[in-house]
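Participant: CSV, C-alpha atoms, saved as model.csv, coming up:
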chain,number,residue,atom,x,y,z
A,29,MET,CA,-10.0,242.8,168.8
A,30,THR,CA,-11.9,240.5,166.4
A,31,ILE,CA,-15.6,240.8,165.9
A,32,GLY,CA,-17.6,237.5,165.4
A,33,ILE,CA,-20.7,237.6,163.3
A,34,ILE,CA,-23.3,234.8,163.4
A,35,GLY,CA,-25.3,235.1,160.2
A,36,ALA,CA,-24.2,235.9,156.7
A,37,GLY,CA,-27.4,237.2,155.2
A,38,ALA,CA,-28.0,240.8,154.2
A,39,VAL,CA,-27.4,242.3,157.7
A,40,GLY,CA,-24.4,240.2,158.5
A,41,GLN,CA,-22.8,241.0,155.1
A,42,ALA,CA,-23.5,244.7,155.5
A,43,LEU,CA,-21.9,244.9,158.9
A,44,ALA,CA,-19.0,242.8,157.9
A,45,GLY,CA,-18.3,245.1,155.0
A,46,ARG,CA,-18.5,248.2,157.1
A,47,PHE,CA,-16.4,246.8,159.9
A,48,VAL,CA,-13.6,245.5,157.5
A,49,ALA,CA,-13.6,248.8,155.6
A,50,ALA,CA,-12.9,250.6,158.9
A,51,GLY,CA,-10.0,248.3,159.7
A,52,GLU,CA,-11.7,245.8,162.1
A,53,GLN,CA,-10.9,242.1,162.0
A,54,VAL,CA,-14.0,240.1,161.5
A,55,VAL,CA,-14.9,236.4,161.4
A,56,ILE,CA,-18.3,235.5,159.9
A,57,SER,CA,-20.3,232.3,160.1
A,58,ASN,CA,-23.5,230.8,158.9
A,59,SER,CA,-25.4,227.5,159.2
A,60,ARG,CA,-23.9,226.1,156.1
A,61,GLY,CA,-20.2,226.3,157.2
A,62,PRO,CA,-17.1,228.2,156.2
A,63,ARG,CA,-16.8,226.7,152.7
A,64,SER,CA,-20.1,228.4,151.7
A,65,LEU,CA,-18.6,231.8,152.6
A,66,ARG,CA,-15.5,231.7,150.3
A,67,GLY,CA,-17.1,234.1,147.7
A,68,LEU,CA,-18.0,236.6,150.4
A,69,VAL,CA,-14.6,236.6,152.0
A,70,SER,CA,-12.9,237.0,148.6
A,71,SER,CA,-15.1,239.9,147.6
A,72,THR,CA,-14.8,241.7,150.9
A,73,GLY,CA,-11.0,241.4,151.1
A,74,PRO,CA,-8.4,241.1,153.9
A,75,GLY,CA,-9.9,241.4,157.4
A,76,LEU,CA,-12.7,239.0,156.9
A,77,LEU,CA,-12.4,235.3,157.7
A,78,ALA,CA,-15.0,232.5,157.4
A,79,ALA,CA,-15.6,230.4,160.5
A,80,THR,CA,-18.0,228.0,162.1
A,81,VAL,CA,-20.8,229.5,164.3
A,82,ALA,CA,-19.0,228.1,167.4
A,83,GLU,CA,-15.8,229.8,166.4
A,84,ALA,CA,-17.5,233.1,165.8
A,85,ALA,CA,-19.1,232.9,169.2
A,86,GLU,CA,-15.7,232.7,170.9
A,87,GLU,CA,-14.9,236.3,170.1
A,88,GLU,CA,-15.1,239.0,172.7
A,89,VAL,CA,-17.8,240.8,170.7
A,90,VAL,CA,-20.3,238.7,168.9
A,91,VAL,CA,-23.0,240.0,166.5
A,92,LEU,CA,-26.3,238.0,166.1
A,93,ALA,CA,-27.4,238.7,162.6
A,94,VAL,CA,-29.9,235.9,161.9
A,95,PRO,CA,-33.6,236.0,161.1
A,96,TRP,CA,-35.8,235.8,164.3
A,97,ARG,CA,-37.1,232.3,163.3
A,98,ARG,CA,-33.6,231.0,163.2
A,99,LEU,CA,-32.4,232.6,166.4
A,100,ARG,CA,-32.7,229.6,168.7
A,101,ALA,CA,-30.9,227.3,166.2
A,102,ALA,CA,-28.1,229.8,165.8
A,103,VAL,CA,-27.6,230.1,169.6
A,104,ALA,CA,-27.6,226.4,169.9
A,105,ALA,CA,-25.0,226.0,167.2
A,106,ALA,CA,-22.8,228.5,169.1
A,107,ASP,CA,-22.6,225.8,171.8
A,108,VAL,CA,-22.0,228.2,174.6
A,109,SER,CA,-23.5,227.6,178.1
A,110,ASP,CA,-22.1,230.7,179.7
A,111,TRP,CA,-21.1,233.7,177.6
A,112,GLN,CA,-18.8,235.0,180.3
A,113,GLU,CA,-19.6,238.7,179.9
A,114,ARG,CA,-18.9,238.7,176.2
A,115,ILE,CA,-20.7,241.5,174.4
A,116,VAL,CA,-23.5,240.2,172.2
A,117,ILE,CA,-24.9,242.6,169.7
A,118,ASP,CA,-28.5,241.8,168.9
A,119,THR,CA,-29.6,243.0,165.4
A,120,THR,CA,-32.7,240.8,165.2
A,121,ASN,CA,-36.3,241.9,164.8
A,122,PRO,CA,-39.3,239.7,165.4
A,123,PRO,CA,-41.7,239.7,162.4
A,124,GLY,CA,-45.0,241.2,163.3
A,125,ARG,CA,-44.6,240.5,167.0
A,126,PRO,CA,-42.8,243.0,169.2
A,127,THR,CA,-42.6,240.8,172.4
A,128,GLY,CA,-42.3,237.2,173.4
A,129,PRO,CA,-39.8,234.5,172.5
A,130,PRO,CA,-39.9,232.6,169.1
A,131,GLY,CA,-42.9,230.4,169.1
A,132,SER,CA,-44.7,231.9,172.1
A,133,GLY,CA,-47.0,234.7,172.9
A,134,PRO,CA,-46.2,238.2,174.2
A,135,ASP,CA,-45.0,238.3,177.8
A,136,GLY,CA,-44.3,242.1,178.2
A,137,ARG,CA,-40.6,242.0,177.5
A,138,THR,CA,-38.8,243.7,174.6
A,139,SER,CA,-37.5,241.4,172.0
A,140,SER,CA,-33.9,242.0,173.1
A,141,GLU,CA,-34.8,241.1,176.7
A,142,VAL,CA,-35.9,237.8,175.2
A,143,VAL,CA,-32.7,237.4,173.3
A,144,ALA,CA,-30.6,238.2,176.4
A,145,GLY,CA,-32.3,235.2,178.1
A,146,LEU,CA,-31.0,233.0,175.3
A,147,VAL,CA,-27.3,234.1,175.8
A,148,PRO,CA,-26.9,233.8,179.6
A,149,GLY,CA,-23.9,235.6,181.1
A,150,SER,CA,-23.5,237.9,178.1
A,151,ARG,CA,-23.7,241.7,178.1
A,152,LEU,CA,-26.3,242.2,175.4
A,153,VAL,CA,-26.6,245.4,173.4
A,154,LYS,CA,-29.4,246.0,170.9
A,155,ALA,CA,-28.0,247.8,167.8
A,156,PHE,CA,-28.0,248.0,164.0
A,157,ASN,CA,-31.6,246.8,163.8
A,158,THR,CA,-33.4,250.0,162.7
A,159,LEU,CA,-31.9,250.5,159.2
A,160,ARG,CA,-32.4,248.5,156.0
A,161,PRO,CA,-29.4,246.4,155.1
A,162,ASP,CA,-28.6,248.5,152.0
A,163,VAL,CA,-28.5,251.6,154.2
A,164,LEU,CA,-26.5,249.8,156.9
A,165,GLY,CA,-24.0,248.7,154.3
A,166,ALA,CA,-23.5,252.2,152.8
A,167,ASP,CA,-20.9,254.7,153.9
A,168,PRO,CA,-22.2,256.2,157.1
A,169,ARG,CA,-20.4,259.4,156.4
A,170,THR,CA,-22.8,261.5,154.3
A,171,PRO,CA,-22.5,265.1,153.0
A,172,ALA,CA,-25.0,266.1,155.7
A,173,GLY,CA,-23.3,264.3,158.5
A,174,ARG,CA,-22.9,260.8,160.1
A,175,ARG,CA,-25.7,258.3,159.9
A,176,VAL,CA,-27.2,257.6,163.3
A,177,ILE,CA,-27.1,254.2,164.9
A,178,PHE,CA,-29.3,253.6,168.0
A,179,LEU,CA,-28.3,251.2,170.7
A,180,SER,CA,-29.5,250.1,174.1
A,181,GLY,CA,-28.4,247.7,176.8
A,182,ASN,CA,-28.4,247.0,180.5
A,183,HIS,CA,-24.6,247.3,180.8
A,184,PRO,CA,-23.2,250.8,180.3
A,185,GLY,CA,-19.7,249.6,179.7
A,186,ALA,CA,-20.9,247.3,176.9
A,187,ASN,CA,-23.0,250.1,175.5
A,188,GLY,CA,-20.0,252.4,175.5
A,189,ARG,CA,-17.8,249.8,173.7
A,190,VAL,CA,-20.3,249.2,171.0
A,191,ALA,CA,-20.7,253.0,170.6
A,192,ARG,CA,-16.9,253.3,170.2
A,193,ILE,CA,-16.9,250.5,167.5
A,194,ALA,CA,-19.7,252.3,165.7
A,195,GLY,CA,-17.8,255.6,165.9
A,196,ARG,CA,-14.6,254.0,164.4
A,197,VAL,CA,-16.7,252.9,161.5
A,198,GLY,CA,-18.2,256.3,161.0
A,199,TRP,CA,-21.7,256.0,162.5
A,200,ALA,CA,-23.0,258.4,165.2
A,201,ALA,CA,-24.1,256.2,168.1
A,202,VAL,CA,-27.0,257.3,170.2
A,203,ASP,CA,-27.3,255.4,173.5
A,204,LEU,CA,-31.0,255.0,174.5
A,205,GLY,CA,-30.3,253.4,177.9
A,206,PRO,CA,-31.6,250.0,179.3
A,207,LEU,CA,-33.3,247.5,177.1
A,208,ALA,CA,-36.7,247.8,178.8
A,209,GLU,CA,-36.9,251.5,177.8
A,210,GLY,CA,-34.4,252.0,175.0
A,211,GLY,CA,-35.0,248.7,173.4
A,212,ARG,CA,-38.7,249.4,173.2
A,213,LEU,CA,-37.9,252.7,171.3
A,214,GLN,CA,-35.8,251.1,168.7
A,215,GLN,CA,-37.8,247.8,168.4
A,216,VAL,CA,-39.1,246.7,165.0
A,217,PRO,CA,-42.0,246.6,164.6
A,218,GLY,CA,-43.7,249.2,166.8
A,219,GLY,CA,-40.8,251.3,168.1
A,220,PRO,CA,-41.0,255.1,167.3
A,221,LEU,CA,-37.3,255.1,166.1
A,222,ALA,CA,-37.7,252.0,163.9
A,223,THR,CA,-36.6,252.6,160.2
A,224,LEU,CA,-35.8,256.2,160.8
A,225,HIS,CA,-32.9,257.4,158.7
A,226,LEU,CA,-31.2,260.2,160.7
A,227,VAL,CA,-27.9,261.9,160.4
A,228,MET,CA,-26.0,263.8,163.0
A,229,GLU,CA,-24.7,267.1,161.7
A,230,PRO,CA,-21.0,268.0,162.2
Show me this structure written as structure tokens.
Facilitator:
Amino acid sequence: MTIGIIGAGAVGQALAGRFVAAGEQVVISNSRGPRSLRGLVSSTGPGLLAATVAEAAEEEVVVLAVPWRRLRAAVAAADVSDWQERIVIDTTNPPGRPTGPPGSGPDGRTSSEVVAGLVPGSRLVKAFNTLRPDVLGADPRTPAGRRVIFLSGNHPGANGRVARIAGRVGWAAVDLGPLAEGGRLQQVPGGPLATLHLVMEP
């Protein structure tokens, strides 16, 4: 399996590095095109390839790792009308506004429920959003135990698959359930689990 990453900022790079270190195949993309990613690919090593956003979006598991304000543009660049049950991992956090789509007011939904509406047909999983990029990119296996990653989603099978990917990398995945409940717990800002650095003891 190859993991596609849309976004090559701090979060995208941190996840790409951890996935590749665990033996996963990754294609990473950004708005500037594959040529701009040559340095990152070279420094990360085998297992990471540069691609266009549309190419990254073709993978069975796709990570959205772009700033909230660029979310709609990134999804548009993916040029996908039906995500055909692909797993989309949402790492985004709306700055200062816990609900509502970009450019509009709150409507009662969690941010990931909004994102799910932008990728119709996908199985969206909220994950990797509660830790700073430097913590996310560090070895998840610590002397005290494995670093905890929270996830939530409305499709148990997709949640389980993301949890298994996280487990292969070394994280301890904690499934919080559906987006309306679990997504609210891990939402940044405002969620009680946001920015917590927890480890699961052996």
Participant: Between atom CA of A:Ala84 and atom CA of A:Val216, what is the spacing in Å?
Facilitator: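 Pair atom CA of A:Val216 / atom CA of A:Ala84 returns 25.5 Å.
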Participant: Contacts of A:Leu92 at 10 Å or less, counting only C-alpha atoms, minus same-chain residues fewer than 3 places along, as a ChimeraX atom specification?
Facilitator: /A:32-36,39-40,85,95-96,99,102-103,116-120,143,154
Participant: Return the single residue from A:Gly181, A:Thr158, A:Ala104, A:Ala186 that is closest to A:Leu146, with distances computed using only C-alpha atoms.
Facilitator: A:Ala104
Participant: Rank nothing, just name the residue among A:Thr138, A:Ser59, A:Asn182, A:Thr170 nearest to A:Ala101, using all atoms listed in the file.
Facilitator: A:Ser59
Participant: Counting only C-alpha atoms, find the residues whose atoms lie at most 6 Å from (-25.3, 241.5, 174.2) (file coordinates) and write them out as a ChimeraX atom specification.
Facilitator: /A:115-117,150-153
Participant: Which one of A:Ala105, A:Val227, A:Ala50, A:Val197 sits closest to A:Leu76 if you count only C-alpha atoms?
Facilitator: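 Selected residue with least distance to A:Leu76: A:Ala50.
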Participant: Go ahead and compute the interatomic distance for atom CA of A:Ala144 and atom CA of A:Phe178, in Å to one decimal.
Facilitator: 17.6 Å
Participant: Calculate how many Å separate atom CA of A:Glu229 from atom CA of A:Ala155, rounding to one decimal.
Facilitator: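 Distance reported for this atom pair: 20.5 Å.
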Participant: Of the candidates A:Val69, A:Glu86, A:Gly211, A:Arg174, which shows the shortest atom-to-atom distance to A:Ala106, using only C-alpha atoms?
Facilitator: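 Ranking A:Val69, A:Glu86, A:Gly211, A:Arg174 by distance to A:Ala106, first place goes to A:Glu86.
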Participant: Skipping near chain neighbours, those fewer than 6 positions away, what residues fall within 9 Å of A:Val202 using only C-alpha atoms, listed as a ChimeraX atom specification?
Facilitator: /A:176-180,191
Participant: Here is a test: counting only C-alpha atoms, which residue of A:Asp203, A:Val108, A:Val147, A:Leu224 is nearest to A:His183?
Facilitator: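 Going through A:Asp203, A:Val108, A:Val147, A:Leu224 one by one, the smallest distance to A:His183 is for A:Asp203.
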Participant: For A:Gly136, which of A:Leu213, A:Ala208, A:Val89, A:Val190 is the closest residue, counting all atoms listed in the file?
Facilitator: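 Using all atoms listed in the file, the shortest distance to A:Gly136 belongs to A:Ala208.
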Participant: Dump as a VMD selection string all residues having an atom at most 9 Å from (-26.6, 255.2, 161.0), computed in the file's coordinates with all atoms listed in the file.
Facilitator: chain A and resid 156 158 to 159 163 to 164 168 to 169 174 to 178 194 198 to 201 225 to 228
Participant: Take the residues that were just selected and, keeping C-alpha atoms, output them as a PDB file, in the coordinates of the input.
Facilitator:
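In the end it all went to again14.pdb:
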ATOM      1  CA  PHE A 156     -28.000 248.000 164.000  1.00  0.00           C
ATOM      2  CA  THR A 158     -33.400 250.000 162.700  1.00  0.00           C
ATOM      3  CA  LEU A 159     -31.900 250.500 159.200  1.00  0.00           C
ATOM      4  CA  VAL A 163     -28.500 251.600 154.200  1.00  0.00           C
ATOM      5  CA  LEU A 164     -26.500 249.800 156.900  1.00  0.00           C
ATOM      6  CA  PRO A 168     -22.200 256.200 157.100  1.00  0.00           C
ATOM      7  CA  ARG A 169     -20.400 259.400 156.400  1.00  0.00           C
ATOM      8  CA  ARG A 174     -22.900 260.800 160.100  1.00  0.00           C
ATOM      9  CA  ARG A 175     -25.700 258.300 159.900  1.00  0.00           C
ATOM     10  CA  VAL A 176     -27.200 257.600 163.300  1.00  0.00           C
ATOM     11  CA  ILE A 177     -27.100 254.200 164.900  1.00  0.00           C
ATOM     12  CA  PHE A 178     -29.300 253.600 168.000  1.00  0.00           C
ATOM     13  CA  ALA A 194     -19.700 252.300 165.700  1.00  0.00           C
ATOM     14  CA  GLY A 198     -18.200 256.300 161.000  1.00  0.00           C
ATOM     15  CA  TRP A 199     -21.700 256.000 162.500  1.00  0.00           C
ATOM     16  CA  ALA A 200     -23.000 258.400 165.200  1.00  0.00           C
ATOM     17  CA  ALA A 201     -24.100 256.200 168.100  1.00  0.00           C
ATOM     18  CA  HIS A 225     -32.900 257.400 158.700  1.00  0.00           C
ATOM     19  CA  LEU A 226     -31.200 260.200 160.700  1.00  0.00           C
ATOM     20  CA  VAL A 227     -27.900 261.900 160.400  1.00  0.00           C
ATOM     21  CA  MET A 228     -26.000 263.800 163.000  1.00  0.00           C
TER      22      MET A 228
END
Participant: May I have the centre and edge lengths, in Å to one decimal, of an axis-aligned box around the listed atoms of stretch 120-123 of chain A with 6 Å added to every side, as AutoDock Vina command-line options?
Facilitator:
--center_x -37.2 --center_y 240.8 --center_z 163.9 --size_x 21.0 --size_y 14.2 --size_z 15.0
